[in-house]
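Read through the structure below, which is laid out as structure tokens, and then see the notes.
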Amino acid sequence: MIKSIADIPSIIYHGTSSNFHDSLVSKIQLNQNHSPTDFGDGFYTTTVYEQSRNFAIKKSALRQNRYPGCQPMIVALHLDTNILSTCHGKIFDTPDQQWKEFIFNNRLGRNFIISSLHNLDMSFDYVFGAVADSDIVQMCRMARNRKLSPNNFINQIQALYNGDADQLSFHSPAALTSITIDHIEILSKEESLIC
């Protein structure tokens, strides 16, 4: 269980599709999110290789129409915890009530904010915690349409894979200085079919 920066492994992973290879090698961008995310706009990684692999396979499949021939890509990054420890961050060691409120506020935005627990102003350089389960998108849609109250949203949100899926997000240039690319793995079509 990760309770502090020192507990985070030195190699972390980012799953994506190969059409982003050149931009990632050139410079990691913080504002590439296309929809609201659990911990706010930023660059998301995980300590779990299989999680990044599965995400890369899903993302490349979704992008096939726009980028024909793109393949699942896993970027392994070296994390310097000494550098990251100089940044201001937040670690959720369990998917508790605060984690739930944090995700609600970040996912729904300023018009729906229910507490001061959020990263909408990018006050945290990094955030670590569990990943919200796949029902989160539908739940956000219902909350925006006032078909799901904030309390019901909070009560229903769950951690993906019972909390075994994690995410370490980077939200500032200072936090990004703590990571460097170790290696990149592009999966073949045959490899991406093995799930």
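Ordered as shown in the structure tokens, chains take letters A, B, and onward, while each chain numbers its residues from 1 and ligands are numbered from 1 in the order shown.
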
Please produce, as a tab-separated table, a per-residue contact table for range 1-111 of chain A versus range 141-154 of chain A (criterion: any atom at most 10 Å away, only C-alpha atoms considered), showing the nearest atom pair and its distance in Å to one decimal, sorted by chain then residue number.
```
residue	atom	partner	partner_atom	distance
A:Asp96	CA	A:Ile154	CA	10.0
A:Gln97	CA	A:Ile154	CA	7.6
A:Gln98	CA	A:Ile154	CA	9.7
A:Trp99	CA	A:Ile154	CA	9.5
A:Lys100	CA	A:Ile154	CA	5.8
A:Glu101	CA	A:Ile154	CA	6.7
A:Phe102	CA	A:Ile154	CA	9.9
A:Ile103	CA	A:Ile154	CA	9.1
A:Phe104	CA	A:Ile154	CA	7.3
A:Asn105	CA	A:Pro150	CA	9.6
A:Arg107	CA	A:Arg141	CA	10.0
A:Leu108	CA	A:Arg144	CA	7.2
A:Gly109	CA	A:Arg144	CA	9.8
A:Asn111	CA	A:Arg144	CA	9.2
```

Go ahead and write the residues just picked, C-alpha atoms, as a PDB file, in the first residue's frame.
```
ATOM      1  CA  ASP A  96     -12.389   6.988   1.327  1.00  0.00           C
ATOM      2  CA  GLN A  97     -14.934   9.796   1.597  1.00  0.00           C
ATOM      3  CA  GLN A  98     -12.330  12.469   0.813  1.00  0.00           C
ATOM      4  CA  TRP A  99     -11.216  10.561  -2.310  1.00  0.00           C
ATOM      5  CA  LYS A 100     -14.858  10.378  -3.431  1.00  0.00           C
ATOM      6  CA  GLU A 101     -15.481  14.103  -2.906  1.00  0.00           C
ATOM      7  CA  PHE A 102     -12.198  14.944  -4.637  1.00  0.00           C
ATOM      8  CA  ILE A 103     -13.251  12.953  -7.711  1.00  0.00           C
ATOM      9  CA  PHE A 104     -16.787  14.357  -7.684  1.00  0.00           C
ATOM     10  CA  ASN A 105     -15.510  17.945  -7.622  1.00  0.00           C
ATOM     11  CA  ARG A 107     -15.134  15.445 -12.591  1.00  0.00           C
ATOM     12  CA  LEU A 108     -18.145  17.759 -12.274  1.00  0.00           C
ATOM     13  CA  GLY A 109     -16.329  21.102 -12.092  1.00  0.00           C
ATOM     14  CA  ASN A 111     -20.693  24.569 -11.170  1.00  0.00           C
TER      15      ASN A 111
END
```

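Excluding Asn82 in chain A itself and any same-chain residue fewer than 5 positions from it, the protein and nucleic acid residues within 10 Å of it, counting only C-alpha atoms, are Ile5, Ala6, Cys87 and Ser178 of chain A.
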
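The interatomic distance for the pair CA of Ala174 in chain A and CA of Lys3 in chain A works out to 21.3 Å.
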
*Which residues come within 10 Å of Ser123 in chain A, counting only C-alpha atoms, excluding same-chain residues fewer than 5 positions away, as a list in words?*
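The residues satisfying every condition are His88, Gly89, Lys90, His118, His171 and Ser172 of chain A.
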
Restrict the selected residues to N, CA, C and O atoms and save them as a PDB file, in the first residue's frame.
```pdb
ATOM      1  N   HIS A  88       4.225  20.000  -4.050  1.00  0.00           N
ATOM      2  CA  HIS A  88       3.041  19.930  -3.183  1.00  0.00           C
ATOM      3  C   HIS A  88       2.081  18.906  -3.778  1.00  0.00           C
ATOM      4  O   HIS A  88       1.649  19.034  -4.929  1.00  0.00           O
ATOM      5  N   GLY A  89       1.757  17.882  -3.004  1.00  0.00           N
ATOM      6  CA  GLY A  89       0.895  16.836  -3.539  1.00  0.00           C
ATOM      7  C   GLY A  89      -0.105  16.308  -2.547  1.00  0.00           C
ATOM      8  O   GLY A  89      -0.162  16.738  -1.388  1.00  0.00           O
ATOM      9  N   LYS A  90      -0.884  15.358  -3.038  1.00  0.00           N
ATOM     10  CA  LYS A  90      -1.933  14.732  -2.235  1.00  0.00           C
ATOM     11  C   LYS A  90      -1.886  13.237  -2.506  1.00  0.00           C
ATOM     12  O   LYS A  90      -1.837  12.808  -3.656  1.00  0.00           O
ATOM     13  N   HIS A 118     -10.564  19.447  -4.055  1.00  0.00           N
ATOM     14  CA  HIS A 118     -10.500  19.392  -5.514  1.00  0.00           C
ATOM     15  C   HIS A 118      -9.120  19.837  -5.984  1.00  0.00           C
ATOM     16  O   HIS A 118      -8.295  20.306  -5.185  1.00  0.00           O
ATOM     17  N   HIS A 171       0.514  17.512 -12.369  1.00  0.00           N
ATOM     18  CA  HIS A 171      -0.276  18.690 -12.710  1.00  0.00           C
ATOM     19  C   HIS A 171       0.528  19.973 -12.863  1.00  0.00           C
ATOM     20  O   HIS A 171      -0.063  21.036 -13.053  1.00  0.00           O
ATOM     21  N   SER A 172       1.833  19.886 -12.784  1.00  0.00           N
ATOM     22  CA  SER A 172       2.657  21.102 -12.905  1.00  0.00           C
ATOM     23  C   SER A 172       3.975  20.766 -13.591  1.00  0.00           C
ATOM     24  O   SER A 172       4.439  19.624 -13.532  1.00  0.00           O
TER      25      SER A 172
END
```

Report as JSON lines: every residue of range 25-76 of chain A with an atom at most 9 Å from range 10-19 of chain A, its closest pair of atoms, and their distance in Å to one decimal, counting only C-alpha atoms, with rows sorted by chain and ascending residue number.
```
{"residue": "A:Phe43", "atom": "CA", "partner": "A:His14", "partner_atom": "CA", "distance": 8.6}
{"residue": "A:Tyr44", "atom": "CA", "partner": "A:His14", "partner_atom": "CA", "distance": 6.6}
{"residue": "A:Thr45", "atom": "CA", "partner": "A:His14", "partner_atom": "CA", "distance": 4.6}
{"residue": "A:Thr46", "atom": "CA", "partner": "A:Tyr13", "partner_atom": "CA", "distance": 5.2}
{"residue": "A:Thr47", "atom": "CA", "partner": "A:Ile12", "partner_atom": "CA", "distance": 4.7}
{"residue": "A:Val48", "atom": "CA", "partner": "A:Tyr13", "partner_atom": "CA", "distance": 7.1}
{"residue": "A:Tyr49", "atom": "CA", "partner": "A:Tyr13", "partner_atom": "CA", "distance": 6.2}
{"residue": "A:Gln51", "atom": "CA", "partner": "A:Gly15", "partner_atom": "CA", "distance": 8.0}
{"residue": "A:Ser52", "atom": "CA", "partner": "A:Gly15", "partner_atom": "CA", "distance": 4.3}
{"residue": "A:Arg53", "atom": "CA", "partner": "A:Gly15", "partner_atom": "CA", "distance": 5.9}
{"residue": "A:Asn54", "atom": "CA", "partner": "A:Gly15", "partner_atom": "CA", "distance": 7.7}
{"residue": "A:Phe55", "atom": "CA", "partner": "A:Gly15", "partner_atom": "CA", "distance": 5.5}
{"residue": "A:Ala56", "atom": "CA", "partner": "A:Gly15", "partner_atom": "CA", "distance": 4.3}
{"residue": "A:Ile57", "atom": "CA", "partner": "A:Ser17", "partner_atom": "CA", "distance": 7.6}
{"residue": "A:Lys58", "atom": "CA", "partner": "A:Thr16", "partner_atom": "CA", "distance": 8.5}
{"residue": "A:Lys59", "atom": "CA", "partner": "A:Thr16", "partner_atom": "CA", "distance": 6.0}
{"residue": "A:Ser60", "atom": "CA", "partner": "A:Ser17", "partner_atom": "CA", "distance": 4.8}
{"residue": "A:Ala61", "atom": "CA", "partner": "A:Ser17", "partner_atom": "CA", "distance": 8.6}
{"residue": "A:Arg63", "atom": "CA", "partner": "A:Ser17", "partner_atom": "CA", "distance": 7.8}
{"residue": "A:Tyr67", "atom": "CA", "partner": "A:Asn19", "partner_atom": "CA", "distance": 6.9}
{"residue": "A:Gly69", "atom": "CA", "partner": "A:Asn19", "partner_atom": "CA", "distance": 8.8}
{"residue": "A:Cys70", "atom": "CA", "partner": "A:Ser18", "partner_atom": "CA", "distance": 5.3}
{"residue": "A:Gln71", "atom": "CA", "partner": "A:Ser18", "partner_atom": "CA", "distance": 5.2}
{"residue": "A:Pro72", "atom": "CA", "partner": "A:Ser17", "partner_atom": "CA", "distance": 4.6}
{"residue": "A:Met73", "atom": "CA", "partner": "A:Ser17", "partner_atom": "CA", "distance": 4.9}
{"residue": "A:Ile74", "atom": "CA", "partner": "A:Gly15", "partner_atom": "CA", "distance": 4.6}
{"residue": "A:Val75", "atom": "CA", "partner": "A:His14", "partner_atom": "CA", "distance": 5.1}
{"residue": "A:Ala76", "atom": "CA", "partner": "A:Tyr13", "partner_atom": "CA", "distance": 4.6}
```

Let's have the selection written as a short mmCIF file (atom, residue, chain, number, x, y, z; two decimals), in the first residue's frame, with C-alpha atoms.
```
data_model
loop_
_atom_site.label_atom_id
_atom_site.label_comp_id
_atom_site.auth_asym_id
_atom_site.auth_seq_id
_atom_site.Cartn_x
_atom_site.Cartn_y
_atom_site.Cartn_z
CA PHE A 43 -0.52 13.64 -17.15
CA TYR A 44 -1.67 10.31 -15.70
CA THR A 45 0.43 7.27 -14.88
CA THR A 46 0.10 4.08 -12.85
CA THR A 47 2.37 1.80 -10.86
CA VAL A 48 0.59 -1.23 -12.40
CA TYR A 49 1.99 -2.42 -15.75
CA GLN A 51 -3.36 -1.53 -16.01
CA SER A 52 -1.36 0.64 -18.42
CA ARG A 53 -1.34 -2.18 -20.99
CA ASN A 54 -5.13 -2.58 -20.84
CA PHE A 55 -5.62 1.19 -21.06
CA ALA A 56 -3.29 1.39 -24.08
CA ILE A 57 -5.22 -1.36 -25.86
CA LYS A 58 -8.54 0.40 -25.22
CA LYS A 59 -7.24 3.82 -26.26
CA SER A 60 -5.66 2.60 -29.51
CA ALA A 61 -8.88 0.75 -30.43
CA ARG A 63 -8.49 5.97 -32.00
CA TYR A 67 -5.42 7.35 -36.61
CA GLY A 69 -2.74 1.82 -37.82
CA CYS A 70 -2.04 3.26 -34.38
CA GLN A 71 -1.00 0.62 -31.88
CA PRO A 72 -1.14 0.30 -28.11
CA MET A 73 1.88 2.00 -26.53
CA ILE A 74 3.19 1.75 -22.98
CA VAL A 75 5.61 4.40 -21.81
CA ALA A 76 7.73 3.30 -18.86
#
```

*Interatomic distance between CA of Leu187 in chain A and CA of Gln64 in chain A?*
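Separating CA of Leu187 in chain A from CA of Gln64 in chain A is a distance of 14.4 Å.
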
*Please report, as a list in words, each residue of range 65-101 of chain A to which DSSP assigns helix (DSSP H, G or I) when run on this structure's backbone.*
Thr81, Asn82, Ile83, Leu84, Gln97, Gln98, Trp99, Lys100 and Glu101 of chain A

*asked:* Need the shell around Leu120 in chain A: protein/DNA/RNA residues with any atom at most 7 Å away, counting only C-alpha atoms. Skip same-chain ones fewer than 2 positions apart. Format as a list of chain:residue names?
replied: A:Gly40, A:Asn106, A:His118, A:Met122

So which bits of chain A end up strand (DSSP E) when you DSSP the backbone, as a CSV table (one decimal) with all heavy atoms, in the first residue's frame?
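As a result, states36.csv now contains:
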```
chain,number,residue,atom,x,y,z
A,11,ILE,N,9.7,2.9,-11.3
A,11,ILE,CA,9.2,2.8,-12.6
A,11,ILE,C,7.7,2.9,-12.6
A,11,ILE,O,7.1,2.1,-11.9
A,11,ILE,CB,9.7,1.6,-13.4
A,11,ILE,CG1,11.2,1.5,-13.5
A,11,ILE,CG2,9.1,1.4,-14.7
A,11,ILE,CD1,11.8,2.6,-14.4
A,12,ILE,N,7.2,3.8,-13.3
A,12,ILE,CA,5.7,3.9,-13.5
A,12,ILE,C,5.4,3.9,-14.9
A,12,ILE,O,6.2,4.0,-15.8
A,12,ILE,CB,5.2,5.2,-12.8
A,12,ILE,CG1,5.9,6.5,-13.3
A,12,ILE,CG2,5.4,5.2,-11.3
A,12,ILE,CD1,5.4,7.8,-12.8
A,13,TYR,N,4.1,3.8,-15.3
A,13,TYR,CA,3.7,3.5,-16.6
A,13,TYR,C,2.5,4.5,-17.1
A,13,TYR,O,1.7,4.9,-16.3
A,13,TYR,CB,3.2,2.1,-16.8
A,13,TYR,CG,4.2,1.1,-16.3
A,13,TYR,CD1,4.1,0.6,-15.0
A,13,TYR,CD2,5.2,0.7,-17.1
A,13,TYR,CE1,5.0,-0.3,-14.5
A,13,TYR,CE2,6.2,-0.3,-16.6
A,13,TYR,CZ,6.1,-0.8,-15.3
A,13,TYR,OH,7.0,-1.6,-14.9
A,14,HIS,N,2.6,4.8,-18.4
A,14,HIS,CA,1.6,5.6,-19.0
A,14,HIS,C,1.1,4.8,-20.3
A,14,HIS,O,1.9,4.5,-21.2
A,14,HIS,CB,2.1,6.9,-19.5
A,14,HIS,CG,1.1,7.8,-20.2
A,14,HIS,ND1,0.1,8.4,-19.6
A,14,HIS,CD2,1.1,8.1,-21.5
A,14,HIS,CE1,-0.6,9.1,-20.6
A,14,HIS,NE2,0.0,8.9,-21.7
A,15,GLY,N,-0.2,4.4,-20.3
A,15,GLY,CA,-0.7,3.7,-21.4
A,15,GLY,C,-1.4,4.6,-22.4
A,15,GLY,O,-2.3,5.4,-22.0
A,16,THR,N,-1.1,4.5,-23.7
A,16,THR,CA,-1.7,5.4,-24.7
A,16,THR,C,-1.6,4.7,-26.0
A,16,THR,O,-1.5,3.5,-26.1
A,16,THR,CB,-1.0,6.8,-24.7
A,16,THR,OG1,-1.7,7.7,-25.5
A,16,THR,CG2,0.4,6.7,-25.1
A,17,SER,N,-1.7,5.4,-27.1
A,17,SER,CA,-1.6,4.9,-28.4
A,17,SER,C,-0.4,5.5,-29.2
A,17,SER,O,0.0,6.6,-28.8
A,17,SER,CB,-2.9,5.1,-29.3
A,17,SER,OG,-3.3,6.4,-29.3
A,43,PHE,N,-1.1,14.8,-16.5
A,43,PHE,CA,-0.5,13.6,-17.1
A,43,PHE,C,-0.7,12.5,-16.2
A,43,PHE,O,-0.2,12.6,-15.0
A,43,PHE,CB,1.0,13.9,-17.5
A,43,PHE,CG,1.6,12.8,-18.1
A,43,PHE,CD1,1.4,12.4,-19.5
A,43,PHE,CD2,2.6,12.0,-17.5
A,43,PHE,CE1,2.0,11.4,-20.1
A,43,PHE,CE2,3.3,11.0,-18.1
A,43,PHE,CZ,3.0,10.6,-19.4
A,44,TYR,N,-1.3,11.4,-16.6
A,44,TYR,CA,-1.7,10.3,-15.7
A,44,TYR,C,-0.8,9.1,-15.9
A,44,TYR,O,-0.6,8.7,-17.1
A,44,TYR,CB,-3.1,9.9,-15.9
A,44,TYR,CG,-4.1,10.9,-15.2
A,44,TYR,CD1,-4.3,12.2,-15.6
A,44,TYR,CD2,-4.7,10.5,-14.0
A,44,TYR,CE1,-5.1,13.1,-14.9
A,44,TYR,CE2,-5.6,11.4,-13.3
A,44,TYR,CZ,-5.8,12.6,-13.8
A,44,TYR,OH,-6.6,13.5,-13.1
A,45,THR,N,-0.4,8.5,-14.8
A,45,THR,CA,0.4,7.3,-14.9
A,45,THR,C,-0.1,6.3,-13.9
A,45,THR,O,-1.0,6.6,-13.1
A,45,THR,CB,1.9,7.6,-14.5
A,45,THR,OG1,2.0,8.0,-13.2
A,45,THR,CG2,2.5,8.6,-15.5
A,72,PRO,N,-1.2,0.0,-29.5
A,72,PRO,CA,-1.1,0.3,-28.1
A,72,PRO,C,0.3,0.6,-27.7
A,72,PRO,O,1.2,-0.1,-28.2
A,72,PRO,CB,-1.6,-1.0,-27.5
A,72,PRO,CG,-2.4,-1.7,-28.5
A,72,PRO,CD,-1.8,-1.3,-29.8
A,73,MET,N,0.5,1.6,-26.9
A,73,MET,CA,1.9,2.0,-26.5
A,73,MET,C,1.9,2.2,-25.0
A,73,MET,O,1.1,2.9,-24.4
A,73,MET,CB,2.3,3.3,-27.2
A,73,MET,CG,3.7,3.8,-27.0
A,73,MET,SD,4.1,5.2,-28.0
A,73,MET,CE,3.3,6.5,-27.1
A,74,ILE,N,3.0,1.6,-24.4
A,74,ILE,CA,3.2,1.7,-23.0
A,74,ILE,C,4.5,2.5,-22.8
A,74,ILE,O,5.5,2.1,-23.3
A,74,ILE,CB,3.3,0.4,-22.3
A,74,ILE,CG1,1.9,-0.4,-22.5
A,74,ILE,CG2,3.5,0.5,-20.8
A,74,ILE,CD1,2.1,-1.9,-22.3
A,75,VAL,N,4.4,3.6,-22.1
A,75,VAL,CA,5.6,4.4,-21.8
A,75,VAL,C,6.0,4.1,-20.4
A,75,VAL,O,5.2,4.4,-19.4
A,75,VAL,CB,5.3,5.9,-22.0
A,75,VAL,CG1,6.6,6.7,-21.7
A,75,VAL,CG2,4.8,6.2,-23.4
A,76,ALA,N,7.2,3.5,-20.2
A,76,ALA,CA,7.7,3.3,-18.9
A,76,ALA,C,8.6,4.5,-18.5
A,76,ALA,O,9.4,5.0,-19.3
A,76,ALA,CB,8.6,2.1,-18.8
A,77,LEU,N,8.3,5.1,-17.3
A,77,LEU,CA,8.9,6.3,-16.9
A,77,LEU,C,9.7,6.1,-15.6
A,77,LEU,O,9.2,5.4,-14.7
A,77,LEU,CB,7.9,7.4,-16.7
A,77,LEU,CG,7.0,7.7,-17.9
A,77,LEU,CD1,5.6,7.9,-17.5
A,77,LEU,CD2,7.6,9.0,-18.5
A,78,HIS,N,10.9,6.7,-15.5
A,78,HIS,CA,11.6,6.6,-14.2
A,78,HIS,C,11.1,7.8,-13.4
A,78,HIS,O,11.1,8.9,-13.8
A,78,HIS,CB,13.1,6.7,-14.5
A,78,HIS,CG,13.9,6.7,-13.2
A,78,HIS,ND1,14.3,7.8,-12.6
A,78,HIS,CD2,14.3,5.7,-12.5
A,78,HIS,CE1,14.9,7.5,-11.5
A,78,HIS,NE2,15.0,6.2,-11.4
A,79,LEU,N,10.8,7.5,-12.2
A,79,LEU,CA,10.3,8.5,-11.2
A,79,LEU,C,11.4,8.8,-10.2
A,79,LEU,O,11.9,7.9,-9.5
A,79,LEU,CB,9.0,8.0,-10.5
A,79,LEU,CG,8.5,8.9,-9.4
A,79,LEU,CD1,8.1,10.3,-9.9
A,79,LEU,CD2,7.4,8.2,-8.6
A,89,GLY,N,1.8,17.9,-3.0
A,89,GLY,CA,0.9,16.8,-3.5
A,89,GLY,C,-0.1,16.3,-2.5
A,89,GLY,O,-0.2,16.7,-1.4
A,90,LYS,N,-0.9,15.4,-3.0
A,90,LYS,CA,-1.9,14.7,-2.2
A,90,LYS,C,-1.9,13.2,-2.5
A,90,LYS,O,-1.8,12.8,-3.7
A,90,LYS,CB,-3.3,15.3,-2.6
A,90,LYS,CG,-4.5,14.7,-1.9
A,90,LYS,CD,-4.7,15.4,-0.6
A,90,LYS,CE,-6.0,14.9,0.1
A,90,LYS,NZ,-5.9,14.9,1.5
A,91,ILE,N,-1.9,12.4,-1.4
A,91,ILE,CA,-1.9,11.0,-1.6
A,91,ILE,C,-3.2,10.5,-0.9
A,91,ILE,O,-3.4,10.7,0.3
A,91,ILE,CB,-0.6,10.3,-1.0
A,91,ILE,CG1,0.6,10.7,-1.9
A,91,ILE,CG2,-0.8,8.8,-0.9
A,91,ILE,CD1,1.9,10.2,-1.4
A,126,TYR,N,1.0,17.1,-7.8
A,126,TYR,CA,0.7,15.6,-8.1
A,126,TYR,C,-0.3,15.1,-7.2
A,126,TYR,O,-0.6,15.6,-6.1
A,126,TYR,CB,2.0,14.8,-8.0
A,126,TYR,CG,2.5,14.7,-6.6
A,126,TYR,CD1,2.0,13.6,-5.7
A,126,TYR,CD2,3.4,15.6,-6.0
A,126,TYR,CE1,2.4,13.5,-4.4
A,126,TYR,CE2,3.8,15.5,-4.7
A,126,TYR,CZ,3.3,14.4,-3.9
A,126,TYR,OH,3.7,14.3,-2.6
A,127,VAL,N,-1.0,14.0,-7.6
A,127,VAL,CA,-2.0,13.3,-6.8
A,127,VAL,C,-1.9,11.8,-7.0
A,127,VAL,O,-1.7,11.4,-8.2
A,127,VAL,CB,-3.4,13.8,-7.1
A,127,VAL,CG1,-4.5,13.1,-6.2
A,127,VAL,CG2,-3.6,15.3,-7.0
A,128,PHE,N,-1.9,11.1,-6.0
A,128,PHE,CA,-1.9,9.6,-6.1
A,128,PHE,C,-3.1,9.0,-5.4
A,128,PHE,O,-3.6,9.5,-4.3
A,128,PHE,CB,-0.7,9.0,-5.4
A,128,PHE,CG,-0.6,7.5,-5.5
A,128,PHE,CD1,-0.1,6.9,-6.6
A,128,PHE,CD2,-1.2,6.7,-4.5
A,128,PHE,CE1,-0.1,5.5,-6.7
A,128,PHE,CE2,-1.2,5.4,-4.6
A,128,PHE,CZ,-0.7,4.7,-5.7
A,129,GLY,N,-3.7,8.0,-6.0
A,129,GLY,CA,-4.9,7.3,-5.4
A,129,GLY,C,-5.5,6.3,-6.3
A,129,GLY,O,-5.0,6.0,-7.4
A,130,ALA,N,-6.6,5.7,-5.9
A,130,ALA,CA,-7.3,4.7,-6.7
A,130,ALA,C,-7.9,5.3,-7.9
A,130,ALA,O,-8.2,6.5,-7.9
A,130,ALA,CB,-8.3,4.0,-5.8
A,166,ASP,N,-4.4,1.9,-9.7
A,166,ASP,CA,-4.0,3.2,-9.1
A,166,ASP,C,-3.6,4.2,-10.2
A,166,ASP,O,-3.4,3.8,-11.3
A,166,ASP,CB,-2.9,3.0,-8.1
A,166,ASP,CG,-1.5,2.5,-8.7
A,166,ASP,OD1,-1.2,2.9,-9.8
A,166,ASP,OD2,-0.8,1.8,-8.0
A,167,GLN,N,-3.5,5.4,-9.7
A,167,GLN,CA,-3.1,6.5,-10.7
A,167,GLN,C,-2.2,7.5,-9.9
A,167,GLN,O,-2.5,7.9,-8.8
A,167,GLN,CB,-4.3,7.1,-11.3
A,167,GLN,CG,-5.3,7.7,-10.4
A,167,GLN,CD,-6.6,8.0,-11.1
A,167,GLN,OE1,-6.6,8.3,-12.3
A,167,GLN,NE2,-7.7,8.0,-10.4
A,168,LEU,N,-1.2,7.9,-10.6
A,168,LEU,CA,-0.3,9.0,-10.1
A,168,LEU,C,-0.4,10.1,-11.2
A,168,LEU,O,0.1,9.8,-12.3
A,168,LEU,CB,1.1,8.6,-9.9
A,168,LEU,CG,2.2,9.6,-9.6
A,168,LEU,CD1,1.8,10.4,-8.3
A,168,LEU,CD2,3.5,9.0,-9.5
A,169,SER,N,-1.0,11.2,-10.9
A,169,SER,CA,-1.2,12.3,-11.9
A,169,SER,C,-0.2,13.4,-11.6
A,169,SER,O,0.1,13.7,-10.4
A,169,SER,CB,-2.6,12.7,-11.9
A,169,SER,OG,-3.0,13.2,-10.6
A,170,PHE,N,0.3,14.0,-12.7
A,170,PHE,CA,1.2,15.2,-12.6
A,170,PHE,C,0.5,16.4,-13.1
A,170,PHE,O,-0.1,16.4,-14.2
A,170,PHE,CB,2.4,14.9,-13.4
A,170,PHE,CG,3.2,13.7,-12.9
A,170,PHE,CD1,2.8,12.4,-13.3
A,170,PHE,CD2,4.3,13.9,-12.1
A,170,PHE,CE1,3.5,11.3,-12.8
A,170,PHE,CE2,5.0,12.8,-11.6
A,170,PHE,CZ,4.6,11.5,-11.9
A,179,ILE,N,10.0,13.0,-13.7
A,179,ILE,CA,9.9,11.8,-14.5
A,179,ILE,C,10.7,12.0,-15.8
A,179,ILE,O,10.7,13.0,-16.4
A,179,ILE,CB,8.4,11.4,-14.8
A,179,ILE,CG1,7.7,12.6,-15.5
A,179,ILE,CG2,7.7,10.9,-13.6
A,179,ILE,CD1,6.3,12.2,-15.9
A,180,THR,N,11.3,10.8,-16.2
A,180,THR,CA,12.0,10.8,-17.5
A,180,THR,C,11.6,9.4,-18.2
A,180,THR,O,11.3,8.4,-17.5
A,180,THR,CB,13.5,10.8,-17.4
A,180,THR,OG1,13.9,9.9,-16.4
A,180,THR,CG2,14.0,12.2,-16.9
A,181,ILE,N,11.6,9.4,-19.5
A,181,ILE,CA,11.2,8.2,-20.2
A,181,ILE,C,12.3,7.2,-20.0
A,181,ILE,O,13.5,7.4,-20.3
A,181,ILE,CB,10.9,8.5,-21.7
A,181,ILE,CG1,9.7,9.3,-21.8
A,181,ILE,CG2,10.8,7.1,-22.4
A,181,ILE,CD1,9.3,9.8,-23.2
A,182,ASP,N,12.0,6.0,-19.5
A,182,ASP,CA,12.9,4.9,-19.4
A,182,ASP,C,12.9,4.1,-20.7
A,182,ASP,O,14.0,3.8,-21.3
A,182,ASP,CB,12.5,4.0,-18.2
A,182,ASP,CG,13.5,2.9,-17.9
A,182,ASP,OD1,14.5,3.2,-17.3
A,182,ASP,OD2,13.2,1.7,-18.4
A,183,HIS,N,11.8,3.7,-21.1
A,183,HIS,CA,11.6,3.0,-22.4
A,183,HIS,C,10.2,3.0,-22.9
A,183,HIS,O,9.3,3.3,-22.1
A,183,HIS,CB,12.2,1.5,-22.4
A,183,HIS,CG,11.4,0.6,-21.5
A,183,HIS,ND1,11.6,0.5,-20.1
A,183,HIS,CD2,10.3,-0.2,-21.8
A,183,HIS,CE1,10.7,-0.3,-19.6
A,183,HIS,NE2,9.9,-0.8,-20.6
A,184,ILE,N,10.0,2.7,-24.2
A,184,ILE,CA,8.7,2.7,-24.8
A,184,ILE,C,8.4,1.3,-25.4
A,184,ILE,O,9.3,0.8,-26.1
A,184,ILE,CB,8.5,3.8,-25.8
A,184,ILE,CG1,8.6,5.2,-25.1
A,184,ILE,CG2,7.2,3.7,-26.6
A,184,ILE,CD1,8.6,6.4,-26.1
A,185,GLU,N,7.3,0.8,-25.2
A,185,GLU,CA,6.9,-0.5,-25.7
A,185,GLU,C,5.6,-0.3,-26.6
A,185,GLU,O,4.6,0.2,-26.1
A,185,GLU,CB,6.6,-1.5,-24.5
A,185,GLU,CG,6.1,-2.8,-25.0
A,185,GLU,CD,5.8,-3.7,-23.8
A,185,GLU,OE1,5.9,-3.3,-22.6
A,185,GLU,OE2,5.3,-4.8,-24.0
A,186,ILE,N,5.8,-0.7,-27.8
A,186,ILE,CA,4.6,-0.6,-28.7
A,186,ILE,C,4.2,-2.1,-29.0
A,186,ILE,O,5.0,-2.9,-29.4
A,186,ILE,CB,4.9,0.1,-30.1
A,186,ILE,CG1,5.3,1.5,-29.8
A,186,ILE,CG2,3.8,0.0,-31.0
A,186,ILE,CD1,5.7,2.4,-30.9
```

*Who sits within 9 Å of Gly163 in chain A, only C-alpha atoms, same chain under 2 positions skipped, as a list in words*: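 Neighbouring residues, sequence-local ones excluded: Thr94, Pro95, Gly129, Ala130, Val131, Ala132, Gln158, Ala159, Leu160, Tyr161, Ala165 and Asp166 of chain A.
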
File dump, residues just selected, C-alpha atoms, as a PDB file, in the first residue's frame:
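The file below, result_18.pdb, is the result:
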```pdb
ATOM      1  CA  THR A  94      -7.572   4.451   0.517  1.00  0.00           C
ATOM      2  CA  PRO A  95     -10.663   5.275  -1.580  1.00  0.00           C
ATOM      3  CA  GLY A 129      -4.866   7.323  -5.397  1.00  0.00           C
ATOM      4  CA  ALA A 130      -7.251   4.683  -6.655  1.00  0.00           C
ATOM      5  CA  VAL A 131      -8.965   4.873 -10.050  1.00  0.00           C
ATOM      6  CA  ALA A 132     -12.738   5.402 -10.086  1.00  0.00           C
ATOM      7  CA  GLN A 158     -16.356   2.766  -6.257  1.00  0.00           C
ATOM      8  CA  ALA A 159     -12.663   2.132  -6.807  1.00  0.00           C
ATOM      9  CA  LEU A 160     -11.810   0.130  -9.923  1.00  0.00           C
ATOM     10  CA  TYR A 161     -10.796  -3.480  -9.209  1.00  0.00           C
ATOM     11  CA  ALA A 165      -5.899   0.039  -9.935  1.00  0.00           C
ATOM     12  CA  ASP A 166      -3.984   3.189  -9.091  1.00  0.00           C
TER      13      ASP A 166
END
```

*Kindly give the distance, in Å, that separates CA of Asp93 in chain A and CA of Asp7 in chain A, rounded to a single decimal.*
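These atoms are spaced 10.8 Å apart.
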
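Distances here use only C-alpha atoms; by that measure, the residue among A:Asn31, A:Asn155, A:Ser116, A:Thr37 closest to Val137 in chain A is A:Thr37.
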
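Compared by their closest atoms to Ile136 in chain A, and using only C-alpha atoms, the residues A:Ile157, A:Ala175, A:Val25, A:Ile8 rank with A:Ile157 nearest.
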